[in-house]
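Heads up, query39.txt below (compact mmCIF, C-alpha atoms):
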# COMPACT_ATOMS: atom_id res chain seq x y z
CA ASP G 25 -76.47 -31.54 -211.80
CA THR G 26 -78.91 -29.29 -213.66
CA SER G 27 -77.31 -26.11 -212.32
CA ILE G 28 -73.99 -27.04 -213.95
CA ALA G 29 -75.71 -28.06 -217.19
CA ASN G 30 -77.60 -24.79 -217.33
CA ALA G 31 -74.44 -22.82 -216.52
CA LEU G 32 -72.75 -24.48 -219.49
CA ARG G 33 -75.74 -23.73 -221.74
CA ARG G 34 -75.82 -20.06 -220.73
CA THR G 35 -72.06 -19.74 -221.12
CA MET G 36 -72.21 -21.15 -224.65
CA MET G 37 -74.82 -18.58 -225.58
CA ALA G 38 -73.54 -15.52 -223.75
CA GLU G 39 -69.82 -15.74 -222.99
CA VAL G 40 -68.02 -17.52 -225.82
CA PRO G 41 -66.31 -14.74 -227.83
CA THR G 42 -66.87 -14.33 -231.55
CA ILE G 43 -66.24 -11.65 -234.17
CA ALA G 44 -68.99 -9.42 -235.58
CA ILE G 45 -69.26 -6.09 -237.39
CA ASP G 46 -69.47 -3.40 -234.73
CA LEU G 47 -68.92 -0.06 -236.48
CA VAL G 48 -70.14 1.04 -239.91
CA ASP G 49 -68.97 4.20 -241.70
CA MET G 50 -71.56 4.90 -244.39
CA GLU G 51 -70.10 6.92 -247.28
CA ARG G 52 -72.96 6.62 -249.76
CA ASN G 53 -76.41 5.10 -249.34
CA SER G 54 -79.12 5.74 -251.91
CA THR G 55 -80.95 2.48 -251.19
CA VAL G 56 -84.46 2.21 -249.74
CA LEU G 57 -83.03 1.23 -246.33
CA THR G 58 -81.72 3.70 -243.76
CA ASP G 59 -78.10 3.71 -242.60
CA GLU G 60 -79.06 2.29 -239.20
CA PHE G 61 -81.06 -0.55 -240.75
CA ILE G 62 -78.17 -1.60 -243.00
CA ALA G 63 -75.67 -1.31 -240.13
CA HIS G 64 -77.86 -3.60 -238.04
CA ARG G 65 -78.11 -6.18 -240.84
CA LEU G 66 -74.33 -6.11 -241.30
CA GLY G 67 -73.81 -6.72 -237.58
CA LEU G 68 -75.94 -9.87 -237.69
CA ILE G 69 -73.90 -11.49 -240.50
CA PRO G 70 -71.95 -14.33 -238.79
CA LEU G 71 -68.20 -14.12 -239.37
CA ILE G 72 -65.72 -17.00 -239.12
CA SER G 73 -64.42 -16.52 -235.58
CA SER G 74 -61.69 -19.12 -235.14
CA ARG G 75 -59.25 -16.26 -234.41
CA ALA G 76 -61.47 -14.52 -231.88
CA ILE G 77 -59.36 -15.93 -229.05
CA GLU G 78 -56.36 -13.98 -230.40
CA MET G 79 -58.20 -10.66 -230.51
CA LYS G 80 -58.64 -8.06 -227.80
CA SER G 81 -61.67 -5.88 -227.31
CA PRO G 82 -60.97 -2.12 -227.55
CA LEU G 83 -61.43 -1.66 -223.79
CA GLU G 84 -58.79 -4.25 -222.86
CA SER G 85 -56.31 -3.68 -225.69
CA ASP G 86 -52.89 -2.07 -225.86
CA GLU G 87 -51.53 -0.11 -228.80
CA ASP G 88 -50.23 -3.07 -230.82
CA ASP G 89 -53.01 -5.56 -230.03
CA PHE G 90 -55.17 -7.21 -232.69
CA THR G 91 -58.55 -5.49 -232.31
CA ASP G 92 -60.10 -4.49 -235.66
CA VAL G 93 -60.89 -6.24 -238.93
CA GLU G 94 -61.94 -3.94 -241.78
CA PHE G 95 -64.45 -4.76 -244.51
CA THR G 96 -65.40 -2.54 -247.43
CA LEU G 97 -68.39 -2.51 -249.76
CA ASP G 98 -68.88 -0.41 -252.88
CA VAL G 99 -71.63 -1.45 -255.28
CA THR G 100 -73.85 0.31 -257.81
CA CYS G 101 -76.70 -1.12 -259.85
CA THR G 102 -76.40 -0.17 -263.51
CA SER G 103 -79.28 -2.07 -265.12
CA ASP G 104 -83.04 -2.31 -264.87
CA THR G 105 -82.75 -5.69 -263.14
CA THR G 106 -83.04 -5.72 -259.35
CA MET G 107 -79.65 -6.39 -257.79
CA SER G 108 -79.29 -8.40 -254.57
CA VAL G 109 -76.32 -7.24 -252.51
CA THR G 110 -75.20 -10.02 -250.19
CA SER G 111 -72.37 -10.80 -247.80
CA ASP G 112 -70.37 -12.09 -250.77
CA PHE G 113 -69.96 -8.48 -251.94
CA LEU G 114 -68.03 -7.55 -248.79
CA VAL G 115 -64.31 -7.16 -249.47
CA ALA G 116 -62.31 -8.90 -246.74
CA ASP G 117 -59.40 -7.34 -244.89
CA PRO G 118 -56.23 -8.51 -246.72
CA ARG G 119 -54.43 -8.66 -243.35
CA TYR G 120 -56.89 -11.28 -242.09
CA PRO G 121 -58.13 -13.27 -245.11
CA ASP G 122 -59.51 -16.03 -242.87
CA ILE G 123 -61.99 -13.70 -241.13
CA VAL G 124 -64.87 -13.59 -243.60
CA PRO G 125 -68.66 -14.12 -243.58
CA VAL G 126 -69.91 -17.68 -243.22
CA ASN G 127 -70.07 -19.51 -246.60
CA TYR G 128 -68.17 -16.61 -248.14
CA ASN G 129 -67.84 -16.77 -251.93
CA PRO G 130 -66.50 -13.40 -253.05
CA VAL G 131 -67.88 -11.89 -256.23
CA GLU G 132 -65.03 -12.01 -258.76
CA MET G 133 -65.84 -8.92 -260.80
CA ASP G 134 -65.93 -5.14 -260.65
CA VAL G 135 -69.11 -4.70 -258.65
CA ASN G 136 -69.39 -1.11 -259.85
CA GLU G 137 -70.21 -2.51 -263.27
CA PHE G 138 -72.45 -5.30 -262.02
CA GLY G 139 -75.83 -5.01 -263.63
CA GLY G 140 -78.13 -7.34 -261.74
CA GLY G 141 -78.73 -10.75 -260.24
CA GLY G 142 -76.80 -11.47 -257.05
CA SER G 143 -75.11 -14.27 -255.15
CA GLU G 144 -75.99 -16.98 -252.65
CA GLY G 145 -74.67 -15.09 -249.62
CA ILE G 146 -76.65 -13.45 -246.82
CA LEU G 147 -78.86 -10.68 -248.21
CA ILE G 148 -78.00 -7.14 -247.11
CA VAL G 149 -80.13 -4.97 -249.43
CA LYS G 150 -81.63 -4.89 -252.91
CA LEU G 151 -80.77 -2.16 -255.40
CA ARG G 152 -82.57 -0.73 -258.39
CA LYS G 153 -80.93 1.11 -261.28
CA ASN G 154 -78.53 3.92 -260.24
CA GLN G 155 -78.80 3.11 -256.53
CA GLN G 156 -75.48 2.83 -254.70
CA LEU G 157 -74.16 1.52 -251.40
CA LYS G 158 -70.63 2.36 -250.28
CA LEU G 159 -69.37 1.78 -246.76
CA LYS G 160 -66.56 0.67 -244.49
CA ALA G 161 -67.26 -1.75 -241.63
CA ILE G 162 -65.12 -2.62 -238.61
CA ALA G 163 -65.50 -6.07 -237.01
CA ARG G 164 -64.49 -6.61 -233.39
CA LYS G 165 -64.44 -9.28 -230.73
CA GLY G 166 -67.38 -9.52 -228.34
CA VAL G 167 -69.68 -11.84 -226.39
CA GLY G 168 -73.38 -12.54 -226.59
CA LYS G 169 -74.24 -10.94 -223.25
CA ASP G 170 -73.21 -7.58 -224.76
CA HIS G 171 -75.17 -8.00 -228.01
CA ALA G 172 -76.91 -10.88 -229.79
CA LYS G 173 -74.73 -10.42 -232.89
CA TRP G 174 -71.82 -11.99 -230.96
CA MET G 175 -73.78 -15.10 -229.98
CA PRO G 176 -72.13 -18.21 -231.53
CA CYS G 177 -75.30 -20.29 -231.17
CA ALA G 178 -78.58 -20.10 -233.00
CA THR G 179 -79.99 -22.19 -230.16
CA THR G 180 -78.69 -24.42 -227.37
CA TYR G 181 -80.74 -26.74 -225.20
CA TYR G 182 -80.43 -29.95 -223.23
CA HIS G 183 -82.59 -32.72 -221.85
CA PHE G 184 -82.07 -35.66 -219.53
CA MET G 185 -80.81 -38.92 -220.96
CA PRO G 186 -83.83 -41.24 -221.35
CA GLU G 187 -83.91 -44.89 -220.31
CA ILE G 188 -86.52 -46.85 -222.25
CA HIS G 189 -87.89 -50.00 -220.61
CA LEU G 190 -90.10 -52.14 -222.85
CA ASN G 191 -92.77 -54.39 -221.39
CA GLN G 192 -91.92 -57.45 -223.45
CA ALA G 193 -94.64 -59.56 -221.83
CA MET G 194 -97.35 -57.13 -222.95
CA LEU G 195 -95.71 -56.62 -226.34
CA GLU G 196 -95.95 -60.35 -226.97
CA THR G 197 -99.74 -60.04 -226.79
CA LEU G 198 -99.70 -57.83 -229.91
CA THR G 199 -99.87 -59.06 -233.47
CA LEU G 200 -96.99 -58.27 -235.82
CA GLU G 201 -99.11 -55.55 -237.49
CA GLU G 202 -99.90 -53.97 -234.11
CA LYS G 203 -96.24 -54.01 -233.13
CA GLU G 204 -95.33 -52.32 -236.41
CA ALA G 205 -98.02 -49.67 -235.93
CA TRP G 206 -96.82 -48.96 -232.39
CA VAL G 207 -93.16 -48.73 -233.46
CA ASN G 208 -94.13 -46.32 -236.27
CA SER G 209 -95.88 -44.07 -233.74
CA TRP G 210 -92.48 -43.07 -232.29
CA PRO G 211 -91.53 -39.81 -234.09
CA SER G 212 -87.95 -40.09 -232.88
CA LYS G 213 -87.55 -43.73 -234.01
CA ALA G 214 -85.84 -44.68 -230.75
CA VAL G 215 -87.17 -48.24 -231.03
CA LYS G 216 -87.32 -50.69 -233.91
CA LEU G 217 -89.03 -53.92 -234.87
CA ASN G 218 -86.59 -56.79 -235.34
CA SER G 219 -87.66 -58.41 -238.60
CA SER G 220 -85.99 -61.71 -237.68
CA SER G 221 -87.33 -62.25 -234.16
CA GLY G 222 -90.48 -60.14 -234.42
CA GLN G 223 -89.56 -58.40 -231.16
CA VAL G 224 -89.57 -54.67 -230.44
CA GLU G 225 -86.11 -53.45 -229.39
CA VAL G 226 -84.58 -50.19 -228.20
CA ASP G 227 -82.52 -48.86 -231.12
CA ASN G 228 -81.14 -45.54 -229.87
CA ALA G 229 -82.54 -44.10 -226.64
CA GLU G 230 -80.72 -40.78 -227.20
CA LEU G 231 -83.08 -39.97 -230.08
CA TYR G 232 -86.13 -39.86 -227.80
CA GLN G 233 -87.49 -36.33 -227.34
CA TYR G 234 -90.12 -37.00 -224.64
CA ASP G 235 -92.94 -36.54 -227.15
CA GLU G 236 -95.06 -39.36 -225.61
CA GLU G 237 -96.69 -40.20 -228.95
CA GLN G 238 -96.07 -43.89 -228.28
CA ASP G 239 -98.16 -43.64 -225.08
CA TYR G 240 -101.08 -42.13 -226.99
CA LYS G 241 -100.87 -44.98 -229.50
CA ALA G 242 -100.72 -47.56 -226.71
CA ASN G 243 -103.80 -46.04 -225.08
CA GLU G 244 -105.58 -46.11 -228.43
CA MET G 245 -104.74 -49.82 -228.68
CA GLU G 246 -105.91 -50.32 -225.07
CA LYS G 247 -102.41 -51.50 -224.15
CA THR G 248 -101.37 -48.91 -221.59
CA GLY G 249 -97.95 -49.67 -220.15
CA LEU G 250 -96.17 -51.01 -223.24
CA CYS G 251 -93.11 -49.04 -222.21
CA GLN G 252 -91.76 -46.83 -219.45
CA VAL G 253 -89.35 -43.95 -220.02
CA ILE G 254 -87.20 -42.86 -217.08
CA GLN G 255 -85.08 -39.71 -217.01
CA ARG G 256 -81.47 -40.20 -215.91
CA LEU G 257 -80.97 -37.08 -213.79
CA ASP G 258 -77.18 -37.35 -213.86
CA THR G 259 -76.77 -37.47 -217.66
CA PHE G 260 -77.60 -34.72 -220.17
CA ILE G 261 -77.89 -34.61 -223.95
CA PHE G 262 -76.97 -31.21 -225.37
CA THR G 263 -78.03 -29.90 -228.76
CA VAL G 264 -75.87 -27.01 -229.99
CA GLU G 265 -76.83 -25.29 -233.24
CA SER G 266 -74.10 -22.94 -234.40
CA THR G 267 -74.56 -19.77 -236.45
CA GLY G 268 -71.51 -20.91 -238.41
CA ALA G 269 -69.08 -18.55 -236.66
CA LEU G 270 -67.63 -21.49 -234.69
CA ARG G 271 -68.08 -25.24 -234.96
CA PRO G 272 -70.43 -26.68 -232.28
CA GLU G 273 -67.66 -28.72 -230.65
CA VAL G 274 -65.46 -25.62 -230.45
CA ILE G 275 -68.30 -23.70 -228.78
CA VAL G 276 -68.62 -26.40 -226.10
CA VAL G 277 -64.86 -26.55 -225.41
CA ASN G 278 -64.56 -22.75 -225.29
CA ALA G 279 -67.53 -22.52 -222.92
CA LEU G 280 -65.91 -25.07 -220.60
CA ASP G 281 -62.68 -23.02 -220.67
CA VAL G 282 -64.66 -19.91 -219.69
CA LEU G 283 -66.35 -21.76 -216.82
CA ILE G 284 -63.04 -23.18 -215.55
CA HIS G 285 -61.46 -19.72 -215.73
CA LYS G 286 -64.32 -18.27 -213.69
CA MET G 287 -64.06 -20.99 -211.06
CA ASN G 288 -60.29 -20.50 -210.80
CA ASN G 289 -60.81 -16.76 -210.32
CA LEU G 290 -63.37 -17.45 -207.59
CA GLN G 291 -61.02 -19.89 -205.87
CA THR G 292 -58.18 -17.36 -206.00
CA ALA G 293 -60.41 -14.60 -204.63
CA LEU G 294 -61.60 -16.81 -201.74
CA ALA G 295 -58.04 -17.81 -200.90
CA SER G 296 -57.03 -14.14 -200.88
CA GLU G 297 -59.92 -13.30 -198.56
CA ARG G 298 -58.93 -16.07 -196.16
CA ASP G 299 -55.35 -14.78 -196.09
CA GLU G 300 -56.49 -11.23 -195.36
CA HIS G 301 -59.09 -12.27 -192.78
CA PRO G 302 -57.86 -15.49 -191.17
CA ASP G 303 -60.37 -15.25 -188.32
CA ALA G 304 -63.38 -14.78 -190.55
CA SER G 305 -65.85 -17.62 -191.12
CA PHE G 306 -66.45 -18.60 -194.75
CA GLY G 307 -69.51 -20.66 -195.46
CA TYR G 308 -71.83 -22.33 -192.99
CA GLU G 309 -70.81 -24.30 -189.98
CA SER G 310 -72.97 -27.13 -188.69

Encoding of this model in structure tokens:
Amino acid sequence: DTSIANALRRTMMAEVPTIAIDLVDMERNSTVLTDEFIAHRLGLIPLISSRAIEMKSPLESDEDDFTDVEFTLDVTCTSDTTMSVTSDFLVADPRYPDIVPVNYNPVEMDVNEFGGGGSEGILIVKLRKNQQLKLKAIARKGVGKDHAKWMPCATTYYHFMPEIHLNQAMLETLTLEEKEAWVNSWPSKAVKLNSSSGQVEVDNAELYQYDEEQDYKANEMEKTGLCQVIQRLDTFIFTVESTGALRPEVIVVNALDVLIHKMNNLQTALASERDEHPDASFGYES
């Protein structure tokens, strides 16, 4: 059902919790970027969020709950070489050493004496000689529907499972060179030419992206109808591209947990309404 598939897609994007920098206390900023600009860039750095499920947001937390993760940054450029300040310069909270930027490789030196160059992390700002950036950042739990910085996915989409039916009778009218040319016209390489039998075979239907290039090639060869692609409306192929905060499979499982929790809450609420109003009619009667 497409409504369920789309609900899962939207839940993965908007309601799977992650951790992101939410508050920034700027102590010193003599860079070319404003405080707000740097704070925004810090918020969009994906953080490893495997412990997000343990955290509480400030609005739902009690006094002893796990809510905040603190990062610090203090860097000054001391040479004439332009210095690239990246996510690797952030100093992680020693209480939570596993909550760090994606692909974190901390700079092992006194950054106050660092003269230039940079690291391979996510760029925050570039400094020239005598420019300084010093700040404290607080990371918190959140979901994508509140702000894009908490989205665990770079993109998520789905399409129907394709069924590829080859017209073998028409394919047999082609020469080996024509078969090879037609097979090569498939960008997704869902079909292949069997070198032993000389027949065209379906290799992996899941790779097909509904690009229809093979139909254009068939028309060019005046062989319309070499294949037929049918959409299976009860089967979906999802593509989930993670920001790195969570693994794609974890995003899917967490989204399903969120959906199940919502459905259970709805079921409980409906049962409560029936108990309070036993004579009321729920739904439609035929």

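Taking atom CA of Lys160 of chain G and atom CA of Asp92 of chain G as endpoints, the distance between them is 12.1 Å.
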
Contacts of Arg75 of chain G within 10 Å, only C-alpha atoms, excl. fewer than 2 positions in-chain, as a PyMOL selection string: chain G and resi 41-43+72-73+77-79+120+122-123+165+270

Closest atom pairs, segment 223-250 of chain G residues within 8 Å of segment 183-188 of chain G, all atoms listed in the file, as JSON lines:
{"residue": "G:Val226", "atom": "CA", "partner": "G:Ile188", "partner_atom": "CA", "distance": 7.1}
{"residue": "G:Ala229", "atom": "CA", "partner": "G:Pro186", "partner_atom": "CA", "distance": 6.2}
{"residue": "G:Glu230", "atom": "CA", "partner": "G:Met185", "partner_atom": "CA", "distance": 6.5}
{"residue": "G:Tyr232", "atom": "CA", "partner": "G:Pro186", "partner_atom": "CA", "distance": 7.0}

Generate a file of the selected residues that holds C-alpha atoms, formatted as an mmCIF file, in the frame of the given file.
data_model
loop_
_atom_site.group_PDB
_atom_site.id
_atom_site.type_symbol
_atom_site.label_atom_id
_atom_site.label_comp_id
_atom_site.auth_asym_id
_atom_site.auth_seq_id
_atom_site.Cartn_x
_atom_site.Cartn_y
_atom_site.Cartn_z
ATOM 1 C CA VAL G 226 -84.580 -50.190 -228.200
ATOM 2 C CA ALA G 229 -82.540 -44.100 -226.640
ATOM 3 C CA GLU G 230 -80.720 -40.780 -227.200
ATOM 4 C CA TYR G 232 -86.130 -39.860 -227.800
#

Distance query segment 196-203 of chain G at most 12 Å, all atoms listed in the file, self and fewer than 4 positions along chain excluded, as a PyMOL selection string: chain G and resi 190-192+207-210+215-225+238+241-242+244-247+250

Around segment 183-200 of chain G, fit a box with edges along x, y and z, padding it by 3 Å on each side, then list its centre and edge lengths in Å to one decimal as AutoDock Vina command-line options.
--center_x -90.3 --center_y -46.5 --center_z -227.7 --size_x 25.1 --size_y 33.6 --size_z 22.3

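Taking atom CA of Ser266 of chain G as the reference point, atom CA of Trp174 of chain G is found at 11.7 Å.
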
All residues 9 Å or closer to segment 55-60 of chain G, all atoms listed in the file, same chain fewer than 6 positions away omitted, as JSON, numbers by chain: {"G": [48, 149, 150, 151, 152, 155, 156, 157]}

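If you look at atom CA of Phe113 of chain G and atom CA of Pro82 of chain G, they are 26.8 Å away from each other.
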